[in-house]
Amino acid sequence: MVKAIFAGSFDPPTNGHLDIIQRACKLFDIVDVVIAVNPQKKYLFSKEERLAFLKDLLKNIKNVEVHTCSGLIVKYAEKVGAKTLIRGIRSTNDFGYEFEIAMMNQSINKDIETIFIPTKEEYAIIKSSSIKELAQFGGNIEKMVPKIVENAVYKKYNNVEK
């Protein structure tokens with residue numbers, strides 16, 4: 001049984017995240033979607049909200065697990081017996097950043113590999129930070145996130161569902 005981990009803050013989960021997860025599920029027996037929790041970072045959604053979103057959005061995919069992690073993802077992978085980390089890549093800028101993280105992870109545990117999955121073209125400009133900024137100023141995010149996330153984001157900023 002080959003288990004892979006797809007980690008991120010998922011604040012909020014985007015259609016791009018969901019696409020990477022669905023594609024990874026075709027490659028691995030189990031995909032463990034891990035919500036990063038960094039006490040130094042300010043999130044729009046709590047870890048409980050992000051966990052609830054992802055559990056709901058992924059409930060129909062049989063080989064997905066959803067967890068949270070507040071430590072190093074490599075240590076989490078060791079603990080759960082995963083040998084592969086999945087990272088989504090939107091651009092060459094993403095690649096540079098993700099490559100450095102992959103090298104750091106490799107220095108921590110040489111047995112854990114990082115696999116890069118390039119985004120589909122329609123998701124290339126979707127970033128959680130851009131979604132939050134757009135929503136905060138009343139912009140349209142409906143093509144970037146699932147409906148339940150869209151409503152929750154607007155509610156956080158405007159106390160109104162669109």
# chains A, B, ... in the order shown; residues from 1 in each chain; ligands from 1
>>> select_by_dssp(residues="stretch 6-154 of chain A", states="helix (DSSP H, G or I)", output="PyMOL selection string")
chain A and resi 15-25+47-57+73-80+92-108+121-123+128-136+147-154
>>> residues_around(residues="A:Lys147", least_positions_apart="6", cutoff="12 Å", atoms="only C-alpha atoms", output="VMD selection string")
chain A and resid 12 to 15 53 56 to 57 140 to 141 153 to 154 161 to 162
>>> select_by_dssp(residues="chain A", states="strand (DSSP E)", output="MDAnalysis selection string")
chainID A and resid 3:8 30:36 64:69 84:89 113:118
>>> closest_residue(among="A:Leu134, A:Ser91, A:Asp11, A:Tyr76", to="A:Asn105", atoms="only C-alpha atoms")
A:Tyr76
>>> residues_around(residues="A:Ala135", least_positions_apart="4", cutoff="12 Å", atoms="only C-alpha atoms", output="ChimeraX atom specification")
/A:12,44,128-131,139-142,144-145,149-162
>>> closest_residue(among="A:Leu85, A:Ile101, A:Ile115, A:Val37", to="A:Ile5", atoms="only C-alpha atoms")
A:Leu85
>>> closest_residue(among="A:Ile126, A:Cys69, A:Ile112, A:Ala102", to="A:Arg87", atoms="only C-alpha atoms")
A:Ala102
>>> residues_around(residues="stretch 95-100 of chain A", least_positions_apart="2", cutoff="12 Å", atoms="only C-alpha atoms", output="list in words")
Gly8, Leu85, Ile86, Arg87, Gly88, Ile89, Arg90, Ser91, Thr92, Asn93, Ala102, Met103, Met104, Asn105, Gln106, Ser107, Glu113, Thr114, Ile115, Phe116, Ile117, Pro118 and Thr119 of chain A
>>> write_last_selection(atoms="C-alpha atoms", output="PDB file, in the first residue's frame")
ATOM      1  CA  GLY A   8      -0.825  22.737   2.790  1.00  0.00           C
ATOM      2  CA  LEU A  85       5.195  14.115  -0.393  1.00  0.00           C
ATOM      3  CA  ILE A  86       3.073  15.654  -3.149  1.00  0.00           C
ATOM      4  CA  ARG A  87       3.429  19.300  -4.078  1.00  0.00           C
ATOM      5  CA  GLY A  88       1.379  21.231  -6.605  1.00  0.00           C
ATOM      6  CA  ILE A  89       3.264  23.561  -8.939  1.00  0.00           C
ATOM      7  CA  ARG A  90       1.592  26.541 -10.661  1.00  0.00           C
ATOM      8  CA  SER A  91       4.640  28.329 -12.062  1.00  0.00           C
ATOM      9  CA  THR A  92       8.407  28.476 -12.202  1.00  0.00           C
ATOM     10  CA  ASN A  93       8.287  30.638  -9.064  1.00  0.00           C
ATOM     11  CA  ALA A 102      12.101  19.342  -1.144  1.00  0.00           C
ATOM     12  CA  MET A 103      15.893  19.591  -0.700  1.00  0.00           C
ATOM     13  CA  MET A 104      15.475  20.557   2.952  1.00  0.00           C
ATOM     14  CA  ASN A 105      13.059  17.655   3.512  1.00  0.00           C
ATOM     15  CA  GLN A 106      15.511  15.309   1.799  1.00  0.00           C
ATOM     16  CA  SER A 107      18.249  16.454   4.195  1.00  0.00           C
ATOM     17  CA  GLU A 113      10.626  11.695  -1.895  1.00  0.00           C
ATOM     18  CA  THR A 114       8.801  14.762  -3.179  1.00  0.00           C
ATOM     19  CA  ILE A 115       6.669  14.472  -6.319  1.00  0.00           C
ATOM     20  CA  PHE A 116       5.624  17.658  -8.143  1.00  0.00           C
ATOM     21  CA  ILE A 117       2.256  17.705  -9.913  1.00  0.00           C
ATOM     22  CA  PRO A 118       1.813  20.665 -12.251  1.00  0.00           C
ATOM     23  CA  THR A 119      -1.516  22.424 -12.082  1.00  0.00           C
TER      24      THR A 119
END
>>> residues_around(residues="A:Thr68", least_positions_apart="3", cutoff="10 Å", atoms="only C-alpha atoms", output="ChimeraX atom specification")
/A:7-9,32-37,47-48,50-51,71,76
>>> write_last_selection(atoms="all heavy atoms", output="compact mmCIF listing (two decimals), in the first residue's frame")
# COMPACT_ATOMS: atom_id res chain seq x y z
N ALA A 7 0.29 18.16 1.69
CA ALA A 7 0.16 19.09 2.81
C ALA A 7 0.02 20.52 2.32
O ALA A 7 0.54 20.88 1.26
CB ALA A 7 1.37 18.97 3.73
N GLY A 8 -0.68 21.32 3.09
CA GLY A 8 -0.83 22.74 2.79
C GLY A 8 -1.62 23.41 3.88
O GLY A 8 -2.18 22.75 4.76
N SER A 9 -1.70 24.72 3.81
CA SER A 9 -2.51 25.43 4.81
C SER A 9 -3.99 25.35 4.46
O SER A 9 -4.83 25.39 5.34
CB SER A 9 -2.06 26.89 4.94
OG SER A 9 -2.23 27.56 3.72
N ASP A 32 -3.02 11.21 1.97
CA ASP A 32 -3.29 11.83 3.26
C ASP A 32 -3.17 13.34 3.07
O ASP A 32 -2.09 13.86 2.84
CB ASP A 32 -2.26 11.32 4.28
CG ASP A 32 -2.57 11.71 5.71
OD1 ASP A 32 -3.49 12.53 5.93
OD2 ASP A 32 -1.90 11.19 6.61
N VAL A 33 -4.31 14.02 3.09
CA VAL A 33 -4.34 15.47 2.95
C VAL A 33 -4.12 16.03 4.36
O VAL A 33 -4.89 15.77 5.27
CB VAL A 33 -5.69 15.95 2.37
CG1 VAL A 33 -5.74 17.47 2.31
CG2 VAL A 33 -5.91 15.34 0.99
N VAL A 34 -3.02 16.77 4.50
CA VAL A 34 -2.60 17.24 5.83
C VAL A 34 -2.67 18.76 5.87
O VAL A 34 -1.99 19.45 5.11
CB VAL A 34 -1.19 16.74 6.17
CG1 VAL A 34 -0.76 17.25 7.53
CG2 VAL A 34 -1.13 15.22 6.12
N ILE A 35 -3.48 19.24 6.79
CA ILE A 35 -3.64 20.68 6.99
C ILE A 35 -2.56 21.16 7.94
O ILE A 35 -2.50 20.73 9.10
CB ILE A 35 -5.04 20.99 7.57
CG1 ILE A 35 -6.11 20.48 6.60
CG2 ILE A 35 -5.18 22.47 7.87
CD1 ILE A 35 -7.47 20.33 7.24
N ALA A 36 -1.69 22.03 7.43
CA ALA A 36 -0.61 22.57 8.24
C ALA A 36 -1.16 23.58 9.24
O ALA A 36 -1.99 24.42 8.89
CB ALA A 36 0.44 23.22 7.35
N VAL A 37 -0.69 23.47 10.45
CA VAL A 37 -1.09 24.39 11.51
C VAL A 37 0.19 25.01 12.08
O VAL A 37 0.98 24.33 12.72
CB VAL A 37 -1.88 23.67 12.62
CG1 VAL A 37 -2.29 24.66 13.70
CG2 VAL A 37 -3.09 22.96 12.04
N LYS A 47 -8.26 25.80 12.21
CA LYS A 47 -7.91 24.45 11.75
C LYS A 47 -9.15 23.56 11.71
O LYS A 47 -9.29 22.72 10.82
CB LYS A 47 -6.80 23.82 12.58
CG LYS A 47 -7.19 23.33 13.94
CD LYS A 47 -6.02 22.64 14.62
CE LYS A 47 -6.45 22.20 16.00
NZ LYS A 47 -5.38 21.57 16.75
N GLU A 48 -10.09 23.77 12.63
CA GLU A 48 -11.33 22.99 12.65
C GLU A 48 -12.19 23.29 11.43
O GLU A 48 -12.78 22.38 10.83
CB GLU A 48 -12.12 23.26 13.94
CG GLU A 48 -11.45 22.78 15.21
CD GLU A 48 -10.37 23.71 15.75
OE1 GLU A 48 -10.27 24.88 15.30
OE2 GLU A 48 -9.59 23.26 16.61
N ARG A 50 -11.06 24.44 8.48
CA ARG A 50 -10.37 23.90 7.31
C ARG A 50 -10.52 22.38 7.24
O ARG A 50 -10.72 21.81 6.16
CB ARG A 50 -8.89 24.32 7.32
CG ARG A 50 -8.74 25.83 7.11
CD ARG A 50 -7.30 26.29 7.14
NE ARG A 50 -6.83 26.33 8.53
CZ ARG A 50 -5.58 26.16 8.91
NH1 ARG A 50 -4.64 25.90 8.01
NH2 ARG A 50 -5.24 26.24 10.16
N LEU A 51 -10.44 21.73 8.38
CA LEU A 51 -10.63 20.28 8.45
C LEU A 51 -12.04 19.90 8.00
O LEU A 51 -12.23 18.98 7.21
CB LEU A 51 -10.35 19.79 9.87
CG LEU A 51 -10.36 18.30 10.12
CD1 LEU A 51 -9.21 17.61 9.39
CD2 LEU A 51 -10.27 18.01 11.62
N GLY A 71 3.68 20.16 13.15
CA GLY A 71 5.14 20.03 13.14
C GLY A 71 5.67 19.89 11.74
O GLY A 71 4.98 20.21 10.76
N TYR A 76 5.94 14.00 10.32
CA TYR A 76 4.60 13.42 10.22
C TYR A 76 4.62 12.22 9.26
O TYR A 76 4.07 11.17 9.56
CB TYR A 76 3.60 14.48 9.73
CG TYR A 76 2.21 13.94 9.52
CD1 TYR A 76 1.30 13.90 10.58
CD2 TYR A 76 1.80 13.46 8.28
CE1 TYR A 76 0.02 13.38 10.40
CE2 TYR A 76 0.53 12.95 8.08
CZ TYR A 76 -0.35 12.92 9.15
OH TYR A 76 -1.62 12.40 8.97
>>> closest_residue(among="A:Gln40, A:Val66, A:Gln22, A:Glu78", to="A:Leu54", atoms="only C-alpha atoms")
A:Val66
>>> closest_residue(among="A:Met1, A:Ile125, A:Leu72, A:Leu58", to="A:Leu27", atoms="only C-alpha atoms")
A:Met1
>>> residues_around(residues="A:Lys26", least_positions_apart="2", cutoff="12 Å", atoms="only C-alpha atoms", output="list in words")
Val2, Lys3, Ala4, Asp19, Ile20, Ile21, Gln22, Arg23, Ala24, Phe28, Asp29, Ile30, Val31, Ile61, Lys62, Asn63 and Val64 of chain A
>>> atom_distance(atom1="atom CA of A:His67", atom2="atom CA of A:His17")
15.2 Å
>>> closest_residue(among="A:Val80, A:Ile73, A:Ala124, A:Leu18", to="A:Lys59", atoms="only C-alpha atoms")
A:Leu18
>>> decode(residues="stretch 69-118 of chain A", atoms="N, CA and C atoms", output="compact mmCIF listing (two decimals), in the first residue's frame")
# COMPACT_ATOMS: atom_id res chain seq x y z
N CYS A 69 -1.57 18.83 11.14
CA CYS A 69 -0.20 18.63 11.63
C CYS A 69 0.37 19.98 12.02
N SER A 70 0.99 20.04 13.19
CA SER A 70 1.58 21.31 13.62
C SER A 70 3.11 21.23 13.68
N GLY A 71 3.68 20.16 13.15
CA GLY A 71 5.14 20.03 13.14
C GLY A 71 5.67 19.89 11.74
N LEU A 72 6.88 19.41 11.63
CA LEU A 72 7.50 19.19 10.32
C LEU A 72 6.77 18.09 9.57
N ILE A 73 6.47 18.33 8.31
CA ILE A 73 5.73 17.36 7.52
C ILE A 73 6.54 16.07 7.32
N VAL A 74 7.85 16.18 7.27
CA VAL A 74 8.69 14.99 7.14
C VAL A 74 8.56 14.11 8.37
N LYS A 75 8.50 14.70 9.53
CA LYS A 75 8.33 13.93 10.77
C LYS A 75 6.95 13.27 10.80
N TYR A 76 5.94 14.00 10.32
CA TYR A 76 4.60 13.42 10.22
C TYR A 76 4.62 12.22 9.26
N ALA A 77 5.29 12.37 8.12
CA ALA A 77 5.38 11.27 7.15
C ALA A 77 6.06 10.05 7.77
N GLU A 78 7.12 10.27 8.51
CA GLU A 78 7.79 9.16 9.21
C GLU A 78 6.81 8.45 10.14
N LYS A 79 6.06 9.25 10.89
CA LYS A 79 5.13 8.70 11.88
C LYS A 79 4.04 7.84 11.24
N VAL A 80 3.54 8.26 10.08
CA VAL A 80 2.43 7.54 9.44
C VAL A 80 2.88 6.55 8.37
N GLY A 81 4.19 6.47 8.15
CA GLY A 81 4.71 5.50 7.19
C GLY A 81 4.58 5.90 5.73
N ALA A 82 4.49 7.18 5.45
CA ALA A 82 4.41 7.65 4.06
C ALA A 82 5.82 7.93 3.55
N LYS A 83 6.06 7.60 2.29
CA LYS A 83 7.38 7.80 1.69
C LYS A 83 7.37 8.88 0.60
N THR A 84 6.19 9.47 0.35
CA THR A 84 6.07 10.44 -0.73
C THR A 84 5.31 11.68 -0.27
N LEU A 85 5.87 12.84 -0.60
CA LEU A 85 5.20 14.12 -0.39
C LEU A 85 4.80 14.64 -1.76
N ILE A 86 3.58 15.10 -1.90
CA ILE A 86 3.07 15.65 -3.15
C ILE A 86 3.03 17.17 -3.02
N ARG A 87 3.50 17.85 -4.05
CA ARG A 87 3.43 19.30 -4.08
C ARG A 87 2.87 19.74 -5.42
N GLY A 88 1.93 20.65 -5.38
CA GLY A 88 1.38 21.23 -6.60
C GLY A 88 2.25 22.39 -7.06
N ILE A 89 2.43 22.50 -8.36
CA ILE A 89 3.26 23.56 -8.94
C ILE A 89 2.43 24.35 -9.94
N ARG A 90 2.32 25.68 -9.73
CA ARG A 90 1.59 26.54 -10.66
C ARG A 90 2.51 27.23 -11.65
N SER A 91 3.75 27.50 -11.24
CA SER A 91 4.64 28.33 -12.06
C SER A 91 6.09 28.01 -11.74
N THR A 92 6.98 28.66 -12.49
CA THR A 92 8.41 28.48 -12.20
C THR A 92 8.76 29.05 -10.83
N ASN A 93 8.06 30.09 -10.41
CA ASN A 93 8.29 30.64 -9.06
C ASN A 93 7.95 29.59 -8.01
N ASP A 94 6.82 28.91 -8.18
CA ASP A 94 6.45 27.83 -7.27
C ASP A 94 7.53 26.76 -7.27
N PHE A 95 8.01 26.40 -8.46
CA PHE A 95 8.99 25.34 -8.56
C PHE A 95 10.24 25.68 -7.74
N GLY A 96 10.75 26.89 -7.88
CA GLY A 96 11.95 27.29 -7.12
C GLY A 96 11.74 27.15 -5.63
N TYR A 97 10.63 27.66 -5.14
CA TYR A 97 10.30 27.58 -3.71
C TYR A 97 10.15 26.12 -3.27
N GLU A 98 9.36 25.36 -4.02
CA GLU A 98 9.10 23.96 -3.66
C GLU A 98 10.35 23.09 -3.77
N PHE A 99 11.22 23.39 -4.74
CA PHE A 99 12.45 22.64 -4.89
C PHE A 99 13.33 22.80 -3.64
N GLU A 100 13.42 24.02 -3.15
CA GLU A 100 14.22 24.27 -1.93
C GLU A 100 13.64 23.51 -0.74
N ILE A 101 12.33 23.50 -0.61
CA ILE A 101 11.70 22.76 0.49
C ILE A 101 11.95 21.27 0.33
N ALA A 102 11.85 20.77 -0.90
CA ALA A 102 12.10 19.34 -1.14
C ALA A 102 13.53 18.98 -0.76
N MET A 103 14.50 19.85 -1.06
CA MET A 103 15.89 19.59 -0.70
C MET A 103 16.07 19.59 0.82
N MET A 104 15.40 20.52 1.49
CA MET A 104 15.47 20.56 2.95
C MET A 104 14.87 19.29 3.54
N ASN A 105 13.69 18.88 3.02
CA ASN A 105 13.06 17.65 3.51
C ASN A 105 13.96 16.44 3.27
N GLN A 106 14.62 16.41 2.12
CA GLN A 106 15.51 15.31 1.80
C GLN A 106 16.69 15.27 2.77
N SER A 107 17.15 16.43 3.23
CA SER A 107 18.25 16.45 4.20
C SER A 107 17.81 15.94 5.57
N ILE A 108 16.52 16.04 5.85
CA ILE A 108 15.98 15.54 7.12
C ILE A 108 15.77 14.03 7.05
N ASN A 109 15.23 13.57 5.91
CA ASN A 109 14.99 12.13 5.73
C ASN A 109 15.16 11.79 4.25
N LYS A 110 16.27 11.14 3.91
CA LYS A 110 16.59 10.84 2.51
C LYS A 110 15.66 9.80 1.91
N ASP A 111 14.86 9.12 2.71
CA ASP A 111 13.95 8.09 2.20
C ASP A 111 12.59 8.63 1.79
N ILE A 112 12.34 9.90 2.06
CA ILE A 112 11.05 10.49 1.70
C ILE A 112 11.24 11.36 0.45
N GLU A 113 10.51 11.01 -0.61
CA GLU A 113 10.63 11.70 -1.89
C GLU A 113 9.52 12.73 -2.05
N THR A 114 9.80 13.75 -2.84
CA THR A 114 8.80 14.76 -3.18
C THR A 114 8.46 14.62 -4.66
N ILE A 115 7.17 14.56 -4.95
CA ILE A 115 6.67 14.47 -6.32
C ILE A 115 5.93 15.78 -6.62
N PHE A 116 6.29 16.42 -7.73
CA PHE A 116 5.62 17.66 -8.14
C PHE A 116 4.55 17.33 -9.18
N ILE A 117 3.35 17.85 -8.95
CA ILE A 117 2.26 17.70 -9.91
C ILE A 117 1.91 19.10 -10.42
N PRO A 118 2.14 19.34 -11.72
CA PRO A 118 1.81 20.67 -12.25
C PRO A 118 0.30 20.87 -12.31
